[in-house]
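**Student:** Compact mmCIF, C-alpha atoms, saved as final03.txt, coming up:
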```txt
# COMPACT_ATOMS: atom_id res chain seq x y z
CA MET Z 23 -24.28 28.41 -17.10
CA THR Z 24 -26.37 31.23 -15.62
CA GLU Z 25 -26.32 29.85 -12.08
CA LEU Z 26 -22.55 29.54 -12.35
CA TYR Z 27 -22.19 33.25 -13.08
CA LEU Z 28 -24.67 34.12 -10.30
CA LEU Z 29 -22.57 32.10 -7.85
CA LEU Z 30 -19.36 33.75 -9.05
CA ILE Z 31 -20.87 37.22 -8.58
CA PHE Z 32 -22.09 36.17 -5.11
CA MET Z 33 -18.60 34.97 -4.21
CA ILE Z 34 -16.99 38.20 -5.41
CA ILE Z 35 -19.46 40.27 -3.36
CA ALA Z 36 -18.82 38.11 -0.28
CA ALA Z 37 -15.06 38.47 -0.71
CA ILE Z 38 -15.33 42.26 -0.94
CA ILE Z 39 -17.50 42.26 2.21
CA ALA Z 40 -14.95 40.08 3.99
CA ILE Z 41 -12.21 42.59 3.26
CA GLU Z 42 -14.10 45.77 3.94
CA ILE Z 43 -16.19 45.01 7.03
CA LYS Z 44 -14.89 46.10 10.46
CA ASP Z 45 -16.35 43.31 12.61
CA LEU Z 46 -14.04 40.27 12.70
CA LEU Z 47 -16.77 37.65 13.16
CA SER Z 48 -18.76 38.99 10.20
CA SER Z 49 -15.61 38.97 8.10
CA ILE Z 50 -14.93 35.31 8.93
CA ILE Z 51 -18.52 34.39 8.08
CA ALA Z 52 -18.18 36.17 4.73
CA VAL Z 53 -15.03 34.12 4.03
CA GLY Z 54 -17.06 31.01 4.80
CA ALA Z 55 -19.73 32.15 2.33
CA VAL Z 56 -17.05 32.37 -0.37
CA GLY Z 57 -15.94 28.80 0.38
CA LEU Z 58 -19.47 27.39 0.38
CA GLY Z 59 -20.19 29.11 -2.94
CA LEU Z 60 -17.01 27.57 -4.35
CA SER Z 61 -18.10 24.10 -3.23
CA ILE Z 62 -21.47 24.54 -4.96
CA VAL Z 63 -19.61 25.67 -8.10
CA PHE Z 64 -17.59 22.45 -8.00
CA LEU Z 65 -20.81 20.48 -7.61
CA ILE Z 66 -22.36 22.20 -10.65
CA LEU Z 67 -19.22 21.50 -12.67
CA LYS Z 68 -19.69 17.78 -11.81
CA ALA Z 69 -16.71 17.34 -9.49
CA PRO Z 70 -18.20 15.80 -6.32
CA ASP Z 71 -14.83 14.73 -4.89
CA VAL Z 72 -13.47 18.26 -4.95
CA ALA Z 73 -16.79 19.60 -3.67
CA ILE Z 74 -16.72 17.30 -0.61
CA THR Z 75 -13.11 18.20 0.15
CA GLN Z 76 -13.72 21.92 -0.30
CA LEU Z 77 -16.80 21.89 1.96
CA VAL Z 78 -15.12 19.94 4.73
CA VAL Z 79 -11.88 21.91 4.69
CA GLU Z 80 -13.86 25.15 4.62
CA ILE Z 81 -15.73 24.14 7.79
CA LEU Z 82 -12.47 23.20 9.49
CA CYS Z 83 -10.80 26.48 8.53
CA LEU Z 84 -13.84 28.41 9.74
CA ILE Z 85 -13.80 26.67 13.13
CA ILE Z 86 -10.07 27.25 13.53
CA LEU Z 87 -10.43 30.90 12.54
CA ILE Z 88 -13.32 31.50 14.94
CA ARG Z 89 -12.02 29.46 17.85
CA ALA Z 90 -8.31 30.10 17.77
CA THR Z 91 -7.75 33.54 16.33
CA LEU Z 92 -10.83 35.56 17.22
CA LYS Z 93 -10.03 37.97 20.03
CA LYS Z 94 -11.69 41.16 21.07
CA ASP Z 95 -8.51 43.19 21.42
CA LEU Z 96 -6.96 42.36 18.08
CA LEU Z 97 -4.99 45.30 16.81
CA PHE Z 98 -6.08 47.06 13.65
CA SER Z 99 -3.50 49.05 11.74
CA THR Z 100 -5.58 51.50 9.76
CA THR Z 101 -2.91 54.15 9.53
CA GLY Z 102 0.17 53.76 7.41
CA ARG Z 103 1.52 54.38 3.98
CA TRP Z 104 -1.70 53.70 2.15
CA PHE Z 105 -0.65 55.61 -0.98
CA LEU Z 106 2.50 53.55 -1.52
CA ASN Z 107 0.69 50.32 -0.68
CA THR Z 108 -2.10 51.04 -3.14
CA LEU Z 109 0.44 51.96 -5.82
CA ILE Z 110 2.42 48.73 -5.31
CA VAL Z 111 -0.75 46.60 -5.32
CA ALA Z 112 -2.03 48.29 -8.48
CA GLY Z 113 1.32 47.73 -10.16
CA PHE Z 114 1.38 44.05 -9.28
CA ILE Z 115 -2.23 43.58 -10.41
CA SER Z 116 -1.51 45.21 -13.77
CA ILE Z 117 1.61 43.08 -14.29
CA PHE Z 118 -0.37 39.96 -13.37
CA LEU Z 119 -3.21 40.88 -15.74
CA PHE Z 120 -0.74 41.52 -18.57
CA VAL Z 121 1.02 38.17 -18.12
CA ALA Z 122 -2.24 36.27 -17.54
CA GLY Z 123 -3.83 37.83 -20.63
CA LYS Z 124 -0.90 36.59 -22.71
CA ALA Z 125 -1.00 33.13 -21.13
CA LEU Z 126 -4.77 32.60 -21.14
CA ARG Z 127 -4.94 33.12 -24.91
CA GLU Z 128 -2.93 29.91 -25.34
CA LEU Z 129 -5.32 27.82 -23.25
CA PRO Z 130 -8.08 25.73 -24.85
CA GLU Z 131 -11.65 26.96 -24.63
CA PHE Z 132 -13.44 26.64 -21.27
CA GLY Z 133 -15.31 23.34 -20.88
CA ARG Z 134 -13.65 21.75 -23.90
CA PRO Z 135 -10.45 20.16 -22.64
CA ILE Z 136 -8.06 18.39 -24.92
CA MET Z 137 -8.71 14.75 -24.09
CA LYS Z 138 -5.26 13.39 -24.81
CA VAL Z 139 -4.25 12.12 -21.37
CA ALA Z 140 -7.69 12.00 -19.76
CA ALA Z 141 -9.12 9.76 -22.48
CA THR Z 142 -6.52 7.11 -21.67
CA TYR Z 143 -7.38 7.29 -17.98
CA LEU Z 144 -11.11 7.08 -18.71
CA LYS Z 145 -10.67 4.08 -20.99
CA GLU Z 146 -8.12 2.06 -19.06
CA GLY Z 147 -8.65 3.28 -15.50
CA LEU Z 148 -11.07 0.56 -14.45
CA SER Z 149 -9.19 -2.32 -16.01
CA LYS Z 150 -5.77 -1.19 -14.83
CA THR Z 151 -6.54 -0.26 -11.23
CA GLY Z 152 -9.91 -1.87 -10.47
CA ALA Z 153 -11.23 1.27 -8.75
CA THR Z 154 -14.65 2.44 -9.88
CA ASN Z 155 -14.00 5.96 -8.61
CA LEU Z 156 -11.74 7.26 -11.35
CA VAL Z 157 -10.57 10.20 -9.25
CA ALA Z 158 -9.19 7.78 -6.66
CA SER Z 159 -7.53 5.73 -9.38
CA VAL Z 160 -5.86 8.87 -10.75
CA ILE Z 161 -4.69 10.39 -7.47
CA LEU Z 162 -3.54 7.15 -5.86
CA ASP Z 163 -2.33 5.12 -8.83
CA PHE Z 164 -1.55 7.04 -12.01
CA ARG Z 165 -0.48 10.24 -10.28
CA ALA Z 166 0.50 8.94 -6.85
CA TYR Z 167 3.68 11.03 -6.87
CA ASP Z 168 1.54 14.17 -6.58
CA THR Z 169 -0.30 12.71 -3.60
CA LEU Z 170 3.04 11.88 -1.99
CA GLY Z 171 4.12 15.47 -2.46
CA GLU Z 172 0.86 16.78 -1.01
CA ALA Z 173 1.22 14.47 2.00
CA THR Z 174 4.75 15.76 2.51
CA VAL Z 175 3.53 19.36 2.39
CA LEU Z 176 0.88 18.65 5.02
CA PHE Z 177 3.38 16.77 7.21
CA THR Z 178 5.80 19.69 7.04
CA ALA Z 179 3.03 22.15 7.88
CA VAL Z 180 1.95 20.16 10.95
CA ILE Z 181 5.54 19.81 12.14
CA GLY Z 182 6.04 23.55 11.67
CA VAL Z 183 2.94 24.45 13.69
CA LEU Z 184 3.84 21.99 16.45
CA ALA Z 185 7.38 23.38 16.61
CA VAL Z 186 6.40 27.05 16.66
CA ALA Z 187 3.54 26.70 19.15
CA ARG Z 188 5.07 24.18 21.53
CA ARG Z 189 5.09 24.78 25.27
CA VAL Z 190 8.70 24.09 26.11
CA GLY Z 191 10.11 26.98 24.16
CA ARG Z 192 7.69 29.53 25.55
CA LYS Z 193 8.16 28.47 29.16
CA LYS Z 194 11.52 30.15 29.47
CA GLN Z 195 10.07 33.63 28.94
CA GLY Z 196 7.25 33.31 31.49
CA SER Z 197 7.97 33.84 35.17
CA GLU Z 198 5.73 31.13 36.61
CA LEU Z 199 6.33 27.44 36.04
CA GLU Z 200 3.59 25.41 34.39
CA GLU Z 201 3.07 21.71 34.85
CA GLU Z 202 3.92 19.30 32.06
CA ASP Z 203 1.08 18.29 29.82
CA MET L 3 -16.14 33.31 27.42
CA SER L 4 -12.90 31.41 27.74
CA ARG L 5 -13.60 30.20 31.26
CA GLU L 6 -16.85 28.57 30.17
CA HIS L 7 -15.09 26.94 27.23
CA GLY L 8 -12.71 25.22 29.61
CA LYS L 9 -15.59 23.29 31.12
CA GLY L 10 -17.60 22.97 27.94
CA MET L 11 -20.83 24.42 26.66
CA SER L 12 -24.42 24.15 27.95
CA LEU L 13 -26.40 20.98 28.61
CA ILE L 14 -28.31 21.17 25.30
CA VAL L 15 -25.12 21.32 23.26
CA LYS L 16 -23.60 18.47 25.25
CA THR L 17 -26.63 16.22 24.73
CA VAL L 18 -26.80 16.88 20.99
CA THR L 19 -23.06 16.31 20.73
CA ARG L 20 -23.33 12.99 22.54
CA LEU L 21 -25.92 11.85 20.00
CA THR L 22 -24.22 13.10 16.84
CA VAL L 23 -20.49 12.71 17.34
CA GLY L 24 -20.53 8.95 16.80
CA LEU L 25 -22.50 9.36 13.58
CA ILE L 26 -20.01 11.91 12.27
CA LEU L 27 -17.10 9.58 13.10
CA LEU L 28 -18.83 6.66 11.36
CA TYR L 29 -19.55 8.79 8.30
CA GLY L 30 -15.87 9.72 8.08
CA ILE L 31 -14.85 6.07 8.30
CA TYR L 32 -17.42 5.20 5.60
CA ILE L 33 -16.06 7.89 3.28
CA VAL L 34 -12.52 6.60 3.78
CA LEU L 35 -13.32 2.92 3.26
CA HIS L 36 -15.47 3.57 0.18
CA GLY L 37 -13.02 6.06 -1.31
CA HIS L 38 -12.30 3.82 -4.29
CA LEU L 39 -16.01 3.19 -5.03
CA SER L 40 -17.76 6.52 -4.53
CA PRO L 41 -16.79 10.21 -4.24
CA GLY L 42 -14.71 11.01 -1.21
CA GLY L 43 -11.39 9.48 -0.31
CA GLY L 44 -8.71 9.65 2.29
CA PHE L 45 -8.35 13.41 2.55
CA ALA L 46 -12.04 14.27 2.93
CA GLY L 47 -12.70 11.34 5.28
CA GLY L 48 -9.72 12.24 7.44
CA VAL L 49 -10.92 15.81 7.78
CA ILE L 50 -14.40 14.57 8.76
CA ILE L 51 -12.86 12.33 11.45
CA ALA L 52 -10.83 15.28 12.74
CA LEU L 53 -14.02 17.38 12.75
CA SER L 54 -15.79 14.82 14.95
CA PHE L 55 -13.07 15.16 17.58
CA ILE L 56 -13.14 18.95 17.22
CA HIS L 57 -16.91 18.76 17.80
CA LEU L 58 -16.27 16.83 21.02
CA MET L 59 -13.65 19.33 22.10
CA LEU L 60 -15.83 22.37 21.44
CA ALA L 61 -18.76 20.95 23.37
CA TYR L 62 -17.05 19.22 26.31
CA GLY L 63 -13.86 21.19 26.75
CA LYS L 64 -10.27 20.23 26.11
CA GLU L 65 -9.78 17.79 28.99
CA ILE L 66 -12.28 15.16 27.82
CA ALA L 67 -11.27 15.39 24.17
CA LEU L 68 -7.58 15.16 25.00
CA LYS L 69 -8.26 12.19 27.30
CA LYS L 70 -9.58 10.30 24.27
CA LEU L 71 -6.78 11.37 21.95
CA SER L 72 -3.79 13.03 23.54
CA LYS L 73 -1.06 14.96 21.78
CA PRO L 74 1.68 12.27 21.74
CA ILE L 75 -0.84 9.79 20.33
CA LEU L 76 -1.73 12.33 17.65
CA SER L 77 1.92 12.69 16.65
CA LEU L 78 2.25 8.91 16.64
CA PHE L 79 -0.81 8.47 14.38
CA GLU L 80 0.40 11.10 11.95
CA SER L 81 3.83 9.54 11.69
CA ILE L 82 2.31 6.07 11.28
CA GLY L 83 0.16 7.35 8.42
CA ALA L 84 3.11 8.92 6.61
CA ILE L 85 5.32 5.86 7.08
CA THR L 86 2.54 3.52 5.94
CA PHE L 87 1.98 5.52 2.77
CA LEU L 88 5.68 5.55 1.98
CA SER L 89 6.11 1.85 2.71
CA ILE L 90 3.16 0.94 0.48
CA ALA L 91 4.87 2.94 -2.25
CA LEU L 92 8.21 1.24 -1.55
CA LEU L 93 6.63 -2.24 -1.54
CA GLY L 94 5.89 -1.64 -5.21
CA PHE L 95 9.57 -2.32 -5.84
CA SER L 96 8.82 -6.00 -5.19
CA GLY L 97 7.14 -6.09 -8.59
CA GLY L 98 9.05 -3.45 -10.47
CA TYR L 99 8.61 0.24 -9.76
CA PHE L 100 7.53 2.83 -7.19
CA PHE L 101 3.76 2.89 -6.46
CA LEU L 102 3.12 -0.35 -8.34
CA ASN L 103 -0.38 -1.74 -7.72
CA PHE L 104 0.94 -5.11 -6.61
CA ILE L 105 -2.16 -6.61 -4.95
CA SER L 106 -4.73 -8.35 -7.15
CA LYS L 107 -7.43 -6.00 -8.41
CA GLY L 108 -10.51 -8.03 -7.53
CA LYS L 109 -13.98 -7.44 -8.92
CA PRO L 110 -15.21 -3.88 -9.53
CA PHE L 111 -17.81 -2.40 -7.14
CA LYS L 112 -16.69 -4.67 -4.29
CA LEU L 113 -15.29 -3.29 -1.05
CA PHE L 114 -12.13 -5.39 -1.31
CA SER L 115 -10.93 -4.39 -4.73
CA ALA L 116 -8.57 -1.98 -6.46
CA GLY L 117 -5.36 -3.31 -4.93
CA ILE L 118 -3.40 -0.78 -2.88
CA ILE L 119 -5.84 2.12 -3.24
CA PRO L 120 -7.91 1.39 -0.07
CA PHE L 121 -4.73 1.02 2.01
CA CYS L 122 -3.38 4.30 0.65
CA ASN L 123 -6.72 5.91 1.56
CA ILE L 124 -6.48 4.62 5.13
CA ALA L 125 -2.89 5.85 5.48
CA ILE L 126 -3.78 9.31 4.16
CA CYS L 127 -6.83 9.40 6.44
CA LEU L 128 -4.67 8.71 9.53
CA LYS L 129 -2.19 11.35 8.49
CA VAL L 130 -4.69 14.08 7.61
CA GLY L 131 -7.04 13.49 10.53
CA ALA L 132 -4.33 13.38 13.19
CA GLY L 133 -2.42 16.28 11.66
CA LEU L 134 -5.34 18.67 11.37
CA PHE L 135 -6.64 17.82 14.85
CA ALA L 136 -3.13 18.40 16.22
CA ILE L 137 -3.02 21.83 14.56
CA PHE L 138 -6.40 22.71 16.11
CA VAL L 139 -5.37 21.48 19.57
CA VAL L 140 -2.09 23.37 19.49
CA LEU L 141 -3.72 26.64 18.38
CA VAL L 142 -6.46 26.37 21.04
CA LEU L 143 -3.99 25.54 23.81
CA LEU L 144 -1.85 28.49 22.74
CA LYS L 145 -4.86 30.76 23.06
CA PHE L 146 -5.70 29.35 26.50
CA ASP L 147 -2.18 30.02 27.69
CA ALA L 148 -2.22 33.56 26.34
CA GLU L 149 -5.47 34.27 28.15
CA ASN L 150 -4.30 32.76 31.40
CA LYS L 151 -1.25 34.97 31.51
CA GLU L 152 -3.19 38.19 31.20
```
Would you mind writing the file's structure down as structure tokens?
**Tutor:**
Amino acid sequence: MTELYLLLIFMIIAAIIAIEIKDLLSSIIAVGAVGLGLSIVFLILKAPDVAITQLVVEILCLIILIRATLKKDLLFSTTGRWFLNTLIVAGFISIFLFVAGKALRELPEFGRPIMKVAATYLKEGLSKTGATNLVASVILDFRAYDTLGEATVLFTAVIGVLAVARRVGRKKQGSELEEED
Amino acid sequence: MSREHGKGMSLIVKTVTRLTVGLILLYGIYIVLHGHLSPGGGFAGGVIIALSFIHLMLAYGKEIALKKLSKPILSLFESIGAITFLSIALLGFSGGYFFLNFISKGKPFKLFSAGIIPFCNIAICLKVGAGLFAIFVVLVLLKFDAENKE
């Protein structure tokens, strides 16, 4: 349990660095450190599927952040109504902590889940689906509706990006004509 | 910086990329096909496959990567993945209900086992890989255009 808390403290420090530092590249690398720490946490908690997915998606997000959004002349807005913003953020955090403190008391103790549903999956997963990876049998057989919803979310996101960043719509504003891709 | 990226990176990076990109692609395919036997699955394998093409694009520039996998083909692959997943789910109605595991289960620990789960993994892999690579391509092309106009 000690290494878990060390990793959590490391992730919190990296997140604070990512917010506070002025250099954009260093900030992105600190965000990547948070993600890698999270993947090691998943590995310690014996969830290799989630660890693999977290690691891979973190690398992809890092590449996209570095390659597609990093520019030298990105505008920083340091001025503004910082007092009001801080007040609003503090208010929301206190409301969230109040509600979460009420809700978390109802949850079972950490590491000791109630094995009502999971015990059935563990017992009958292999015989009912034939998959030796129980995570795959849960996400693609018992709970396939959730996977369908996740696939729909990703599909919608891709369609949205392709529609916003397409070439045809932006060509009308520019003066010169570009060739079709 | 951007002008060099149009033609690709240095010779060292290109050589290492040529040696490793096939291995990364094969590892992604392995993770997808063994998703029902070992940790991994369609989502992680699809992202690894997308990362192999992103690797190619970062090292060699956008022309060579887009020659292998152009944007209409990416849209086609993503739609094929979504439609395949939905039609596998709908084929379950032949036996009773949505998402029924209608193919025979086979023996455990074999590659051809677990009914529809490998096919669902392949469909999700097509969808995720093509979709994420399309997002990367679109964002990079947008940045190229913005730099060219300045």
**Student:** Provide the atom CA of Phe121 of chain L to atom CA of Ser77 of chain L distance in Å, to one decimal place.
**Tutor:**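 Calculated distance between atom CA of Phe121 of chain L and atom CA of Ser77 of chain L is 19.9 Å.
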**Student:** When distances are computed from only C-alpha atoms, which of L:Val142, L:Ala132, L:Ile105, L:Leu21 shows the smallest separation from Val180 of chain Z?
**Tutor:**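 Of L:Val142, L:Ala132, L:Ile105, L:Leu21, the one nearest Val180 of chain Z, counting only C-alpha atoms, is L:Ala132.
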**Student:** Can you work out which residues from chain L touch chain Z at a cut-off of 9 Å (counting all atoms listed in the file) and hand them back as an mmCIF file with C-alpha atoms, in the coordinates of the input?
**Tutor:**
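Resulting contents of iface_38.cif:
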```cif
data_model
loop_
_atom_site.group_PDB
_atom_site.id
_atom_site.type_symbol
_atom_site.label_atom_id
_atom_site.label_comp_id
_atom_site.auth_asym_id
_atom_site.auth_seq_id
_atom_site.Cartn_x
_atom_site.Cartn_y
_atom_site.Cartn_z
ATOM 1 C CA GLY L 37 -13.020 6.060 -1.310
ATOM 2 C CA HIS L 38 -12.300 3.820 -4.290
ATOM 3 C CA LEU L 39 -16.010 3.190 -5.030
ATOM 4 C CA SER L 40 -17.760 6.520 -4.530
ATOM 5 C CA PRO L 41 -16.790 10.210 -4.240
ATOM 6 C CA GLY L 42 -14.710 11.010 -1.210
ATOM 7 C CA GLY L 43 -11.390 9.480 -0.310
ATOM 8 C CA PHE L 45 -8.350 13.410 2.550
ATOM 9 C CA ALA L 46 -12.040 14.270 2.930
ATOM 10 C CA GLY L 47 -12.700 11.340 5.280
ATOM 11 C CA VAL L 49 -10.920 15.810 7.780
ATOM 12 C CA ILE L 50 -14.400 14.570 8.760
ATOM 13 C CA ALA L 52 -10.830 15.280 12.740
ATOM 14 C CA LEU L 53 -14.020 17.380 12.750
ATOM 15 C CA ILE L 56 -13.140 18.950 17.220
ATOM 16 C CA LEU L 60 -15.830 22.370 21.440
ATOM 17 C CA LYS L 73 -1.060 14.960 21.780
ATOM 18 C CA GLU L 80 0.400 11.100 11.950
ATOM 19 C CA SER L 81 3.830 9.540 11.690
ATOM 20 C CA ALA L 84 3.110 8.920 6.610
ATOM 21 C CA PHE L 87 1.980 5.520 2.770
ATOM 22 C CA LEU L 88 5.680 5.550 1.980
ATOM 23 C CA ALA L 91 4.870 2.940 -2.250
ATOM 24 C CA PHE L 101 3.760 2.890 -6.460
ATOM 25 C CA LEU L 102 3.120 -0.350 -8.340
ATOM 26 C CA ASN L 103 -0.380 -1.740 -7.720
ATOM 27 C CA SER L 106 -4.730 -8.350 -7.150
ATOM 28 C CA LYS L 107 -7.430 -6.000 -8.410
ATOM 29 C CA GLY L 108 -10.510 -8.030 -7.530
ATOM 30 C CA LYS L 109 -13.980 -7.440 -8.920
ATOM 31 C CA PRO L 110 -15.210 -3.880 -9.530
ATOM 32 C CA PHE L 111 -17.810 -2.400 -7.140
ATOM 33 C CA SER L 115 -10.930 -4.390 -4.730
ATOM 34 C CA ALA L 116 -8.570 -1.980 -6.460
ATOM 35 C CA GLY L 117 -5.360 -3.310 -4.930
ATOM 36 C CA ILE L 118 -3.400 -0.780 -2.880
ATOM 37 C CA ILE L 119 -5.840 2.120 -3.240
ATOM 38 C CA CYS L 122 -3.380 4.300 0.650
ATOM 39 C CA ASN L 123 -6.720 5.910 1.560
ATOM 40 C CA ILE L 126 -3.780 9.310 4.160
ATOM 41 C CA LYS L 129 -2.190 11.350 8.490
ATOM 42 C CA VAL L 130 -4.690 14.080 7.610
ATOM 43 C CA GLY L 133 -2.420 16.280 11.660
ATOM 44 C CA LEU L 134 -5.340 18.670 11.370
ATOM 45 C CA ALA L 136 -3.130 18.400 16.220
ATOM 46 C CA ILE L 137 -3.020 21.830 14.560
ATOM 47 C CA PHE L 138 -6.400 22.710 16.110
ATOM 48 C CA VAL L 140 -2.090 23.370 19.490
ATOM 49 C CA LEU L 141 -3.720 26.640 18.380
ATOM 50 C CA VAL L 142 -6.460 26.370 21.040
ATOM 51 C CA LEU L 143 -3.990 25.540 23.810
ATOM 52 C CA LEU L 144 -1.850 28.490 22.740
ATOM 53 C CA LYS L 145 -4.860 30.760 23.060
ATOM 54 C CA LYS L 151 -1.250 34.970 31.510
#
```
**Student:** Near segment 24-28 of chain Z, counting only C-alpha atoms, which residues have an atom at most 10 Å away, once you skip same-chain residues fewer than 4 positions from it, shown as JSON, numbers by chain?
**Tutor:** {"Z": [32, 33, 34, 59, 60, 62, 63, 64, 66, 67]}
**Student:** Which distance in Å separates atom CA of Ala55 of chain Z and atom CA of Ala40 of chain Z, to one decimal?
**Tutor:**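 Rounded to one decimal, the two atoms are 9.4 Å apart.
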**Student:** Go through Z:Ser48, Z:Leu84, Z:Val53, Z:Phe118 and flag the residue nearest Ala36 of chain Z, using only C-alpha atoms for the distances.
**Tutor:** Z:Val53
**Student:** Report, in Å with one decimal, the straight-line distance from atom CA of Leu30 of chain Z to atom CA of Gly54 of chain Z.
**Tutor:**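 Pair atom CA of Leu30 of chain Z / atom CA of Gly54 of chain Z returns 14.3 Å.
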**Student:** Give me segment 30-53 of chain Z with N, CA and C atoms filled in, as a compact mmCIF listing (two decimals), keeping the file's coordinate frame.
**Tutor:**
```txt
# COMPACT_ATOMS: atom_id res chain seq x y z
N LEU Z 30 -20.65 33.04 -9.01
CA LEU Z 30 -19.36 33.75 -9.05
C LEU Z 30 -19.53 35.18 -8.58
N ILE Z 31 -20.63 35.84 -9.02
CA ILE Z 31 -20.87 37.22 -8.58
C ILE Z 31 -21.11 37.25 -7.07
N PHE Z 32 -21.85 36.27 -6.56
CA PHE Z 32 -22.09 36.17 -5.11
C PHE Z 32 -20.77 36.02 -4.34
N MET Z 33 -19.88 35.17 -4.89
CA MET Z 33 -18.60 34.97 -4.21
C MET Z 33 -17.75 36.22 -4.22
N ILE Z 34 -17.79 36.97 -5.34
CA ILE Z 34 -16.99 38.20 -5.41
C ILE Z 34 -17.52 39.22 -4.40
N ILE Z 35 -18.87 39.32 -4.32
CA ILE Z 35 -19.46 40.27 -3.36
C ILE Z 35 -19.08 39.87 -1.93
N ALA Z 36 -19.15 38.57 -1.62
CA ALA Z 36 -18.82 38.11 -0.28
C ALA Z 36 -17.35 38.37 0.05
N ALA Z 37 -16.48 38.22 -0.95
CA ALA Z 37 -15.06 38.47 -0.71
C ALA Z 37 -14.81 39.94 -0.44
N ILE Z 38 -15.51 40.81 -1.18
CA ILE Z 38 -15.33 42.26 -0.94
C ILE Z 38 -15.83 42.61 0.46
N ILE Z 39 -16.98 42.01 0.86
CA ILE Z 39 -17.50 42.26 2.21
C ILE Z 39 -16.49 41.79 3.26
N ALA Z 40 -15.90 40.61 3.02
CA ALA Z 40 -14.95 40.08 3.99
C ALA Z 40 -13.74 40.99 4.16
N ILE Z 41 -13.36 41.68 3.11
CA ILE Z 41 -12.21 42.59 3.26
C ILE Z 41 -12.62 43.87 3.94
N GLU Z 42 -13.78 44.41 3.56
CA GLU Z 42 -14.10 45.77 3.94
C GLU Z 42 -14.74 45.92 5.31
N ILE Z 43 -15.40 44.85 5.81
CA ILE Z 43 -16.19 45.01 7.03
C ILE Z 43 -15.26 45.13 8.25
N LYS Z 44 -15.74 45.85 9.30
CA LYS Z 44 -14.89 46.10 10.46
C LYS Z 44 -14.98 44.97 11.48
N ASP Z 45 -16.16 44.35 11.60
CA ASP Z 45 -16.35 43.31 12.61
C ASP Z 45 -15.63 42.03 12.16
N LEU Z 46 -14.85 41.43 13.09
CA LEU Z 46 -14.04 40.27 12.70
C LEU Z 46 -14.90 39.05 12.45
N LEU Z 47 -15.94 38.84 13.31
CA LEU Z 47 -16.77 37.65 13.16
C LEU Z 47 -17.53 37.68 11.84
N SER Z 48 -18.05 38.87 11.47
CA SER Z 48 -18.76 38.99 10.20
C SER Z 48 -17.82 38.73 9.03
N SER Z 49 -16.59 39.19 9.17
CA SER Z 49 -15.61 38.97 8.10
C SER Z 49 -15.33 37.48 7.90
N ILE Z 50 -15.21 36.75 9.04
CA ILE Z 50 -14.93 35.31 8.93
C ILE Z 50 -16.11 34.60 8.30
N ILE Z 51 -17.34 35.04 8.66
CA ILE Z 51 -18.52 34.39 8.08
C ILE Z 51 -18.60 34.67 6.58
N ALA Z 52 -18.19 35.87 6.16
CA ALA Z 52 -18.18 36.17 4.73
C ALA Z 52 -17.17 35.30 3.99
N VAL Z 53 -16.01 35.04 4.63
CA VAL Z 53 -15.03 34.12 4.03
C VAL Z 53 -15.63 32.73 3.88
```
